[in-house]
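**Q** You'll find my_file.tsv just under this line, and it carries TSV, C-alpha atoms.
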```tsv
chain	number	residue	atom	x	y	z
A	1	MET	CA	-7.95	94.93	155.23
A	2	ARG	CA	-7.58	91.42	153.87
A	3	PRO	CA	-10.87	89.78	152.87
A	4	ILE	CA	-12.13	87.07	155.19
A	5	LYS	CA	-12.05	83.68	153.54
A	6	TYR	CA	-15.34	81.95	152.92
A	7	SER	CA	-14.38	79.03	155.17
A	8	LYS	CA	-13.68	81.42	158.04
A	9	ILE	CA	-17.12	82.96	157.65
A	10	LEU	CA	-18.68	79.51	157.84
A	11	ILE	CA	-16.69	78.71	160.97
A	12	LEU	CA	-17.96	81.88	162.63
A	13	VAL	CA	-21.54	80.98	161.69
A	14	PHE	CA	-21.16	77.45	163.03
A	15	LEU	CA	-19.67	78.70	166.29
A	16	GLN	CA	-22.48	81.19	166.76
A	17	ILE	CA	-25.08	78.46	166.23
A	18	SER	CA	-23.26	76.09	168.58
A	19	ILE	CA	-23.56	78.62	171.38
A	20	SER	CA	-27.33	78.74	170.95
A	21	TYR	CA	-27.45	74.93	171.11
A	22	SER	CA	-25.33	74.59	174.24
A	23	GLU	CA	-28.21	75.35	176.59
A	24	ASP	CA	-30.41	72.68	174.96
A	25	LEU	CA	-27.52	70.23	175.14
A	26	ASN	CA	-27.02	70.74	178.86
A	27	SER	CA	-30.72	70.72	179.69
A	28	ALA	CA	-31.70	67.50	177.86
A	29	SER	CA	-34.14	65.63	180.09
A	30	PRO	CA	-33.45	62.05	181.22
A	31	ASP	CA	-36.36	60.86	179.07
A	32	ILE	CA	-34.88	62.47	175.96
A	33	VAL	CA	-31.49	60.96	176.72
A	34	LYS	CA	-33.06	57.53	177.21
A	35	VAL	CA	-34.94	57.64	173.89
A	36	TRP	CA	-31.85	58.89	172.10
A	37	ALA	CA	-29.74	56.07	173.58
A	38	GLN	CA	-32.26	53.45	172.43
A	39	ASN	CA	-32.39	54.90	168.91
A	40	GLN	CA	-28.60	55.12	168.75
A	41	SER	CA	-28.20	51.49	169.80
A	42	SER	CA	-30.79	50.37	167.25
A	43	PHE	CA	-29.05	52.36	164.51
A	44	LEU	CA	-25.62	50.88	165.24
A	45	ILE	CA	-26.95	47.31	165.27
A	46	LYS	CA	-28.84	47.79	162.01
A	47	ASN	CA	-25.88	49.56	160.42
A	48	LYS	CA	-23.59	46.63	161.27
A	49	GLN	CA	-26.05	44.25	159.62
A	50	HIS	CA	-26.14	46.36	156.46
A	51	ILE	CA	-22.33	46.54	156.35
A	52	ASP	CA	-22.02	42.76	156.68
A	53	ASP	CA	-24.61	42.31	153.93
A	54	LEU	CA	-22.68	44.61	151.57
A	55	ILE	CA	-19.38	42.82	152.20
A	56	ASN	CA	-20.95	39.39	151.67
A	57	LYS	CA	-22.50	40.27	148.30
A	58	VAL	CA	-19.43	41.80	146.66
A	59	ASP	CA	-19.59	39.28	143.79
A	60	LYS	CA	-23.15	40.38	142.99
A	61	ILE	CA	-22.20	44.03	142.49
A	62	LYS	CA	-22.21	45.06	138.83
A	63	GLY	CA	-21.71	48.79	139.14
A	64	ILE	CA	-20.99	51.85	141.24
A	65	GLU	CA	-22.82	55.17	141.31
A	66	LEU	CA	-22.01	58.45	142.99
A	67	ILE	CA	-25.17	59.97	144.46
A	68	VAL	CA	-25.42	63.57	145.59
A	69	ALA	CA	-28.43	64.60	147.65
A	70	GLY	CA	-29.46	68.22	147.23
A	71	PRO	CA	-28.91	70.81	149.96
A	72	MET	CA	-31.20	71.16	152.95
A	73	HIS	CA	-31.03	74.81	153.93
A	74	GLN	CA	-32.93	74.32	157.19
A	75	HIS	CA	-29.74	72.75	158.58
A	76	ILE	CA	-26.51	74.59	157.88
A	77	GLU	CA	-24.44	71.39	158.04
A	78	SER	CA	-26.46	70.09	155.06
A	79	SER	CA	-26.34	73.28	153.00
A	80	PHE	CA	-23.93	71.81	150.43
A	81	GLY	CA	-25.62	68.46	149.86
A	82	HIS	CA	-24.54	64.97	150.84
A	83	ALA	CA	-22.36	62.49	148.91
A	84	LEU	CA	-23.00	58.74	148.82
A	85	LEU	CA	-22.05	55.61	146.86
A	86	ARG	CA	-24.58	53.14	145.48
A	87	PHE	CA	-23.62	49.52	144.86
A	88	VAL	CA	-25.74	48.32	141.94
A	89	GLU	CA	-26.50	44.60	142.05
A	90	THR	CA	-26.77	42.22	139.11
A	91	ASP	CA	-30.23	41.06	140.09
A	92	GLY	CA	-32.96	41.76	142.58
A	93	ASP	CA	-34.85	44.91	143.44
A	94	ALA	CA	-32.94	48.16	142.90
A	95	ILE	CA	-34.58	49.53	146.04
A	96	GLN	CA	-32.57	46.95	148.02
A	97	ASP	CA	-29.16	48.01	146.62
A	98	SER	CA	-26.66	49.06	149.29
A	99	ILE	CA	-25.78	52.72	149.85
A	100	LEU	CA	-22.57	53.82	151.58
A	101	SER	CA	-21.87	57.22	153.06
A	102	PHE	CA	-19.53	58.62	155.68
A	103	VAL	CA	-21.19	60.50	158.50
A	104	ALA	CA	-20.50	61.85	161.96
A	105	LEU	CA	-21.34	59.53	164.84
A	106	ILE	CA	-23.23	61.95	167.07
A	107	ASP	CA	-22.67	60.57	170.55
A	108	GLU	CA	-25.06	62.89	172.37
A	109	PRO	CA	-28.77	63.81	172.10
A	110	VAL	CA	-28.18	67.29	170.64
A	111	LEU	CA	-25.71	68.10	167.87
A	112	ASN	CA	-22.85	70.30	169.08
A	113	TYR	CA	-21.74	72.42	166.13
A	114	LYS	CA	-18.46	73.38	167.75
A	115	LYS	CA	-17.47	69.71	167.98
A	116	GLY	CA	-18.65	69.28	164.40
A	117	ILE	CA	-16.21	71.94	163.23
A	118	MET	CA	-13.27	70.79	165.32
A	119	GLY	CA	-13.57	67.05	164.63
A	120	GLY	CA	-15.09	66.14	167.97
A	121	TYR	CA	-17.27	63.40	166.46
A	122	PRO	CA	-15.77	60.26	164.92
A	123	VAL	CA	-16.44	59.38	161.28
A	124	ILE	CA	-18.32	56.15	160.66
A	125	ALA	CA	-19.37	54.29	157.54
A	126	GLN	CA	-23.15	54.26	157.27
A	127	VAL	CA	-24.70	51.59	155.06
A	128	GLY	CA	-28.38	51.14	154.29
A	129	SER	CA	-30.72	50.19	151.48
A	130	PHE	CA	-31.39	52.50	148.56
A	131	GLY	CA	-35.05	52.51	149.54
A	132	GLU	CA	-34.24	53.78	153.04
A	133	PHE	CA	-32.13	56.62	151.70
A	134	ILE	CA	-34.80	57.52	149.15
A	135	GLN	CA	-37.36	57.74	151.94
A	136	THR	CA	-35.05	59.94	154.01
A	137	TYR	CA	-33.81	62.34	151.36
A	138	LEU	CA	-36.61	62.49	148.78
A	139	GLU	CA	-39.67	62.16	150.97
A	140	THR	CA	-38.83	63.26	154.50
A	141	GLU	CA	-36.27	65.97	153.72
A	142	GLU	CA	-37.50	66.76	150.17
A	143	ARG	CA	-33.99	66.76	148.68
A	144	PRO	CA	-33.53	65.71	145.02
A	145	LEU	CA	-31.04	62.96	144.19
A	146	ASP	CA	-28.49	63.15	141.36
A	147	ARG	CA	-26.90	59.86	140.27
A	148	TYR	CA	-23.61	59.62	138.37
A	149	ILE	CA	-22.39	56.28	137.01
A	150	ILE	CA	-18.73	55.50	137.72
A	151	PRO	CA	-17.57	52.87	135.18
A	152	THR	CA	-15.54	50.18	136.95
A	153	ASP	CA	-14.49	46.58	136.53
A	154	ALA	CA	-14.73	43.66	138.94
A	155	LYS	CA	-11.25	44.35	140.33
A	156	ILE	CA	-12.04	47.97	141.20
A	157	ARG	CA	-15.35	47.02	142.77
A	158	LYS	CA	-13.65	44.42	144.95
A	159	ASN	CA	-11.00	46.99	145.87
A	160	ILE	CA	-13.73	49.35	147.06
A	161	VAL	CA	-15.23	46.71	149.34
A	162	GLU	CA	-11.78	45.61	150.55
A	163	THR	CA	-10.94	49.23	151.37
A	164	LEU	CA	-14.14	49.46	153.39
A	165	LYS	CA	-13.18	46.31	155.31
A	166	LYS	CA	-9.72	47.74	155.94
A	167	TRP	CA	-11.11	51.01	157.25
A	168	LEU	CA	-13.60	49.22	159.49
A	169	SER	CA	-10.79	47.13	161.01
A	170	LYS	CA	-9.19	50.28	162.43
A	171	PRO	CA	-11.55	51.98	164.91
A	172	GLY	CA	-11.15	55.73	164.65
A	173	GLY	CA	-9.04	55.35	161.53
A	174	MET	CA	-11.33	57.65	159.52
A	175	GLY	CA	-10.52	60.55	161.84
A	176	GLY	CA	-12.85	63.10	163.31
A	177	TYR	CA	-15.75	64.42	161.26
A	178	LYS	CA	-15.28	68.08	160.35
A	179	PHE	CA	-18.10	69.92	158.60
A	180	LEU	CA	-15.69	71.99	156.53
A	181	SER	CA	-13.02	69.45	155.59
A	182	ASN	CA	-13.23	65.82	156.70
A	183	ASN	CA	-16.93	65.64	155.84
A	184	CYS	CA	-18.96	63.25	153.68
A	185	ALA	CA	-17.25	64.44	150.48
A	186	GLY	CA	-13.75	64.77	151.93
A	187	VAL	CA	-13.78	61.28	153.44
A	188	LEU	CA	-15.36	59.78	150.32
A	189	VAL	CA	-12.65	61.27	148.10
A	190	GLU	CA	-9.94	59.70	150.27
A	191	PHE	CA	-11.85	56.42	150.33
A	192	LEU	CA	-12.06	56.32	146.51
A	193	LYS	CA	-8.40	57.25	146.23
A	194	GLN	CA	-7.36	54.34	148.43
A	195	SER	CA	-9.65	52.11	146.36
A	196	GLY	CA	-7.83	53.06	143.15
A	197	LEU	CA	-10.07	55.88	141.90
A	198	SER	CA	-8.24	59.17	142.34
A	199	THR	CA	-10.62	62.09	141.86
A	200	GLY	CA	-8.03	64.84	142.17
A	201	PHE	CA	-10.65	66.61	144.25
A	202	GLN	CA	-9.62	69.28	146.72
A	203	ALA	CA	-12.65	71.24	147.93
A	204	PRO	CA	-14.69	69.01	150.28
A	205	VAL	CA	-18.05	70.20	148.96
A	206	PRO	CA	-20.50	67.44	147.90
A	207	SER	CA	-22.22	69.58	145.25
A	208	LEU	CA	-18.87	70.24	143.51
A	209	LEU	CA	-17.69	66.63	143.51
A	210	PRO	CA	-19.55	65.49	140.32
A	211	ALA	CA	-17.99	68.20	138.14
A	212	GLN	CA	-14.50	67.36	139.35
A	213	MET	CA	-15.01	63.64	138.77
A	214	LYS	CA	-16.43	64.33	135.32
A	215	SER	CA	-13.37	66.41	134.40
A	216	ARG	CA	-11.24	63.31	135.10
A	217	TYR	CA	-13.65	61.08	133.16
A	218	LEU	CA	-14.63	59.07	136.21
A	219	THR	CA	-18.30	59.91	135.54
A	220	PRO	CA	-18.54	60.23	131.73
A	221	TYR	CA	-22.31	59.85	131.39
A	222	PRO	CA	-25.15	62.36	131.88
A	223	VAL	CA	-26.66	62.75	135.33
A	224	ILE	CA	-29.75	60.72	136.25
A	225	ARG	CA	-31.94	62.95	138.37
A	226	THR	CA	-34.80	62.08	140.71
A	227	PHE	CA	-36.86	65.03	141.85
A	228	THR	CA	-38.91	65.51	144.96
A	229	ILE	CA	-42.68	65.47	144.70
A	230	ALA	CA	-42.93	69.14	145.76
A	231	PRO	CA	-43.01	70.64	142.20
A	232	ILE	CA	-45.95	68.38	141.27
A	233	PHE	CA	-47.93	69.54	144.28
A	234	GLU	CA	-47.10	73.17	143.50
A	235	LYS	CA	-48.27	72.86	139.90
A	236	LEU	CA	-51.51	71.11	140.85
A	237	ALA	CA	-52.20	73.59	143.63
A	238	TYR	CA	-51.88	76.39	141.09
A	239	GLU	CA	-54.20	74.65	138.61
A	240	PHE	CA	-56.81	73.84	141.26
A	241	ASN	CA	-56.43	77.26	142.92
A	242	VAL	CA	-55.81	75.80	146.37
A	243	LYS	CA	-52.91	75.89	148.80
A	244	VAL	CA	-50.23	73.21	148.58
A	245	GLU	CA	-50.83	72.30	152.23
A	246	ILE	CA	-54.44	71.37	151.40
A	247	LEU	CA	-53.37	68.85	148.76
A	248	LYS	CA	-50.62	67.43	150.96
A	249	ALA	CA	-53.20	66.88	153.69
A	250	GLY	CA	-55.28	64.80	151.26
A	251	ASN	CA	-58.10	67.32	150.87
A	252	TRP	CA	-58.41	67.15	147.09
A	253	PRO	CA	-61.19	69.16	145.40
A	254	ARG	CA	-63.77	67.01	143.60
A	255	GLU	CA	-63.02	68.63	140.24
A	256	ALA	CA	-59.46	67.33	140.50
A	257	ILE	CA	-60.59	63.84	139.48
A	258	ASN	CA	-62.08	65.13	136.24
A	259	ARG	CA	-58.81	66.83	135.34
A	260	PHE	CA	-56.47	63.92	136.02
A	261	LYS	CA	-56.52	62.95	132.33
A	262	SER	CA	-54.57	66.12	131.55
A	263	ILE	CA	-51.82	65.20	134.01
A	264	PRO	CA	-48.91	63.12	132.63
A	265	PRO	CA	-49.11	59.47	133.81
A	266	SER	CA	-45.64	59.74	135.34
A	267	ALA	CA	-46.79	62.63	137.55
A	268	LEU	CA	-49.91	60.72	138.56
A	269	ALA	CA	-47.77	57.72	139.44
A	270	GLN	CA	-45.58	59.93	141.61
A	271	LEU	CA	-48.64	61.13	143.50
A	272	TYR	CA	-50.13	57.65	143.76
A	273	PHE	CA	-47.03	56.04	145.22
A	274	ARG	CA	-45.50	58.93	147.10
A	275	ALA	CA	-48.24	61.28	148.32
A	276	SER	CA	-49.88	60.41	151.60
A	277	PRO	CA	-52.62	60.66	152.59
A	278	ILE	CA	-54.84	60.64	149.49
A	279	ASP	CA	-58.62	60.33	149.48
A	280	GLU	CA	-59.69	56.81	148.40
A	281	GLU	CA	-61.86	58.12	145.56
A	282	VAL	CA	-58.96	60.20	144.27
A	283	ARG	CA	-56.55	57.28	144.62
A	284	SER	CA	-58.90	54.98	142.70
A	285	ALA	CA	-59.17	57.50	139.86
A	286	MET	CA	-55.38	57.81	139.72
A	287	GLN	CA	-54.91	54.06	139.69
A	288	SER	CA	-57.25	53.46	136.75
A	289	LEU	CA	-55.42	56.03	134.61
A	290	ILE	CA	-51.98	54.78	135.62
A	291	LEU	CA	-52.78	51.15	134.79
A	292	LYS	CA	-53.84	52.12	131.28
A	293	ASN	CA	-50.17	52.88	130.62
A	294	GLY	CA	-49.00	49.48	131.84
A	295	PRO	CA	-47.60	48.23	135.15
A	296	LEU	CA	-45.42	50.62	137.12
A	297	ASP	CA	-43.33	49.63	140.10
A	298	LEU	CA	-41.79	51.80	142.78
A	299	ALA	CA	-38.31	51.74	141.23
A	300	ASN	CA	-39.63	53.23	137.98
A	301	VAL	CA	-41.55	55.90	139.87
A	302	TYR	CA	-38.29	57.08	141.38
A	303	GLY	CA	-36.55	56.99	138.01
A	304	ILE	CA	-34.43	53.98	138.92
A	305	LYS	CA	-34.48	52.42	135.48
A	306	LYS	CA	-32.55	49.27	134.70
A	307	ILE	CA	-29.42	50.43	132.96
A	308	PRO	CA	-27.53	48.03	130.66
A	309	ASN	CA	-24.58	46.38	132.39
A	310	VAL	CA	-22.13	47.67	129.77
A	311	ILE	CA	-22.66	51.24	130.98
A	312	TYR	CA	-21.36	50.30	134.42
A	313	GLU	CA	-18.30	48.50	133.04
A	314	LEU	CA	-14.95	49.77	131.84
A	315	CYS	CA	-14.82	49.03	128.13
A	316	TYR	CA	-12.17	46.67	126.72
A	317	SER	CA	-13.52	45.74	123.27
A	318	ILE	CA	-15.03	47.20	120.12
A	319	ASP	CA	-18.27	45.32	120.80
A	320	CYS	CA	-18.51	47.08	124.14
A	321	ALA	CA	-17.79	50.45	122.51
A	322	ALA	CA	-20.46	49.85	119.88
A	323	LYS	CA	-23.06	49.11	122.56
A	324	ILE	CA	-22.15	52.27	124.45
A	325	VAL	CA	-22.54	54.38	121.31
A	326	THR	CA	-26.01	52.93	120.72
A	327	ILE	CA	-27.10	53.47	124.31
A	328	LEU	CA	-25.87	57.06	124.43
A	329	ARG	CA	-27.92	57.83	121.33
A	330	ASP	CA	-31.03	56.53	123.09
A	331	LYS	CA	-32.87	59.21	125.04
A	332	THR	CA	-34.78	56.71	127.18
A	333	ILE	CA	-31.79	56.01	129.45
A	334	PHE	CA	-30.34	59.41	130.27
A	335	GLY	CA	-33.06	61.66	128.90
A	336	GLU	CA	-30.71	63.48	126.55
A	337	LYS	CA	-28.31	62.81	123.70
A	338	SER	CA	-24.68	62.73	124.68
A	339	ASP	CA	-22.31	64.79	122.54
A	340	LEU	CA	-20.15	61.83	121.58
A	341	SER	CA	-17.95	63.67	119.09
A	342	ARG	CA	-16.93	66.22	121.73
A	343	ARG	CA	-16.30	63.55	124.34
A	344	VAL	CA	-14.20	61.39	122.04
A	345	THR	CA	-12.18	64.40	120.92
A	346	GLU	CA	-11.49	65.33	124.54
A	347	TYR	CA	-10.43	61.78	125.35
A	348	ALA	CA	-7.87	61.84	122.55
A	349	ARG	CA	-6.50	65.34	123.04
A	350	LEU	CA	-6.03	64.97	126.79
A	351	ASN	CA	-4.08	61.75	126.23
A	352	ILE	CA	-5.41	60.11	129.36
A	353	ASN	CA	-4.78	56.57	128.19
A	354	SER	CA	-2.41	56.01	131.11
A	355	GLN	CA	-5.28	56.67	133.51
A	356	MET	CA	-7.91	54.68	131.60
A	357	PRO	CA	-6.12	51.85	129.72
A	358	TRP	CA	-9.24	50.68	127.92
A	359	LEU	CA	-9.26	53.88	125.86
A	360	ASP	CA	-5.92	52.97	124.34
A	361	GLN	CA	-7.45	49.78	122.94
A	362	VAL	CA	-10.78	51.01	121.64
A	363	LEU	CA	-10.48	54.74	120.98
A	364	ARG	CA	-9.72	54.63	117.25
A	365	LYS	CA	-12.31	51.94	116.54
A	366	TYR	CA	-14.76	53.74	118.81
A	367	ILE	CA	-14.45	56.88	116.70
A	368	GLN	CA	-14.70	55.00	113.41
A	369	HIS	CA	-17.64	52.89	114.51
A	370	SER	CA	-19.72	55.82	115.74
A	371	ARG	CA	-19.08	57.66	112.43
A	372	LEU	CA	-19.09	60.92	114.31
A	373	ILE	CA	-15.68	61.93	113.00
A	374	GLN	CA	-14.65	61.19	109.41
A	375	SER	CA	-11.03	60.60	110.24
A	376	ALA	CA	-9.28	60.03	113.54
A	377	ASP	CA	-5.87	60.91	112.12
A	378	SER	CA	-6.22	64.62	112.93
A	379	LEU	CA	-6.71	63.82	116.60
A	380	PHE	CA	-3.42	61.99	117.10
```
For this file, produce the structure as structure tokens.

**A**
Amino acid sequence: MRPIKYSKILILVFLQISISYSEDLNSASPDIVKVWAQNQSSFLIKNKQHIDDLINKVDKIKGIELIVAGPMHQHIESSFGHALLRFVETDGDAIQDSILSFVALIDEPVLNYKKGIMGGYPVIAQVGSFGEFIQTYLETEERPLDRYIIPTDAKIRKNIVETLKKWLSKPGGMGGYKFLSNNCAGVLVEFLKQSGLSTGFQAPVPSLLPAQMKSRYLTPYPVIRTFTIAPIFEKLAYEFNVKVEILKAGNWPREAINRFKSIPPSALAQLYFRASPIDEEVRSAMQSLILKNGPLDLANVYGIKKIPNVIYELCYSIDCAAKIVTILRDKTIFGEKSDLSRRVTEYARLNINSQMPWLDQVLRKYIQHSRLIQSADSLF
């Protein structure tokens, strides 16, 4: 007997779940339908405003990031993560940066999994602020976020926004949303391809997208990861010998305050900004210890550090290459040292200059400047 393909197994699972949801779908009360309709209308109006804002600030965009939200196993349609694009602005609060993702427009109060498999829901572009997505994925759904910088230039960034405008001008042009193919990753790959960034990606699985893009040098830098607050609660619950639920409810033991000095300031800051509710006495103790280490804003708490502009740009000069070498040696940006010698060797041996023209201009000088390889002659 031939083995059943993985995708077929998933289809069977989705269909089985959709049957269990059909009764709820048909029995939705008028009140539920009314509330859903109001929320849907509000979402569409707000989404249109965010889209217009993104299009109007194209000249302020300095960089692009791929963001992958971790899986949410409580919902099978989110078991493989979710893929998004972040538009990093030249100034302003990082929390206000625009985020783009492609989602299913659910046009009924209860999700119908059968329609989700067969493309029964249209794909729409969803745009919101980085802060809104952080609240949804990190806090509400407790899903970590992985950020991958995609080096671009002004032309590519404008192409991305122009492609979005083109897609929006054709209602239904993105096709029907299919959980197993034309999903957030599948649509995003096609979107990037039409914008001039071919990923060569085949499997429409968000969690696999970063590795494929890295293999084509679209995301050459280490991942920037933002974790949920759950591990901090779990560690403290173990140390205080209480249940996690007790701490999350704000019922902190008195001895906790005396032990805050042993907790890293970054962890305290996470609790201070992100945990709610917290007893006022506990919050005051946290605040005094946090402030001893200097001011800390919400962006830093979430690991959204200001990254030098050169990292977001395609490199066209030796000065640019020199800056990149220095930054990659600095652990404060990516949290690890990048193996530059290996990366440069791969660049040369794969001969991908036709795909990334800037390498042709700076590769030899890049190698010589970084002093990671004594001679570049053996590579060519």

**Q** As a count of residues only, please: the residues near Leu314 in chain A (cut-off 8 Å, all atoms listed in the file, same-chain neighbours under 3 positions excluded).

**A** 6

**Q** Range 32-69 of chain A near range 187-211 of chain A within 12 Å: what's each residue's closest atom pair and its distance in Å to one decimal, counting all atoms listed in the file, ordered by chain then ascending residue number, as CSV?

**A**
```
residue,atom,partner,partner_atom,distance
A:Ile64,CA,A:Leu192,CA,11.3
A:Glu65,CA,A:Pro210,CA,10.9
A:Leu66,CA,A:Pro210,CA,7.9
A:Ile67,CA,A:Pro210,CA,8.9
A:Val68,CA,A:Pro206,CA,6.7
A:Ala69,CA,A:Ser207,CA,8.3
```

**Q** What is the distance between CA of Ser129 in chain A and CA of Asp91 in chain A, in Å to one decimal?

**A**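 Atom-to-atom, CA of Ser129 in chain A and CA of Asp91 in chain A are spaced 14.6 Å apart.
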
**Q** Could you please determine the separation between CA of Phe87 in chain A and CA of Leu105 in chain A in Å, to one decimal place?

**A** 22.5 Å

**Q** Considering all atoms listed in the file, can you say which of A:Lys306, A:Phe227, A:Phe260, A:Ala267 comes closest to Ser288 in chain A?

**A**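 The shortest atom-to-atom distance to Ser288 in chain A comes from A:Phe260.
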
**Q** Taking 4 positions as the minimum chain separation for residues in the same chain, which residues sit within 12 Å of Gly250 in chain A when counting only C-alpha atoms? Answer as an NGL selection string.

**A** :A and (233 or 243-246 or 254 or 256 or 271-272 or 275-283)

**Q** Compute the distance from (-27.0, 50.0, 160.1) to each atom, counting all atoms listed in the file, keep the residues with any atom at most 12 Å away, and return them as number ranges by chain; use the coordinates of the file.

**A** A: 39-54, 98-101, 124-129, 132-133

**Q** Determine the nearest neighbour of Leu145 in chain A from the options A:Arg157, A:Arg86, A:Arg259, A:Lys170, counting all atoms listed in the file.

**A** A:Arg86

**Q** What does the distance from CA of Ile150 in chain A to CA of Gly175 in chain A come to in Å, to one decimal?

**A** 26.0 Å

**Q** Which residue, A:Thr90, A:Ser29, A:Asn56, A:Gln287, has the smallest gap to Glu162 in chain A when you use only C-alpha atoms?

**A**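 Answer, going by the shortest atom-to-atom distance: A:Asn56.
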
**Q** Identify which of the residues A:Gly303, A:Pro308, A:Gly119, A:Pro144 lies closest to Ala104 in chain A, counting all atoms listed in the file when measuring atom-to-atom distances.

**A**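 Ranked by minimum distance to Ala104 in chain A, first place goes to A:Gly119.
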
**Q** Please determine, counting all atoms listed in the file, which residue among A:Gly176, A:Thr226, A:Gly81, A:Ala37 has the shortest atom-to-atom distance to Asp107 in chain A.

**A**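 Comparing A:Gly176, A:Thr226, A:Gly81, A:Ala37 against Asp107 in chain A, the winner is A:Ala37.
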
**Q** What's the 9 Å shell around Tyr221 in chain A, counting all atoms listed in the file, without same-chain residues fewer than 5 positions away, as a ChimeraX atom specification?

**A** /A:148-150,214,311,328,334,338

**Q** Restricting the calculation to all atoms listed in the file: of A:Cys320, A:Leu268, A:Cys315, A:Ile304, which residue gets closest to Lys292 in chain A?

**A**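 Closest to Lys292 in chain A of all the choices is A:Leu268.
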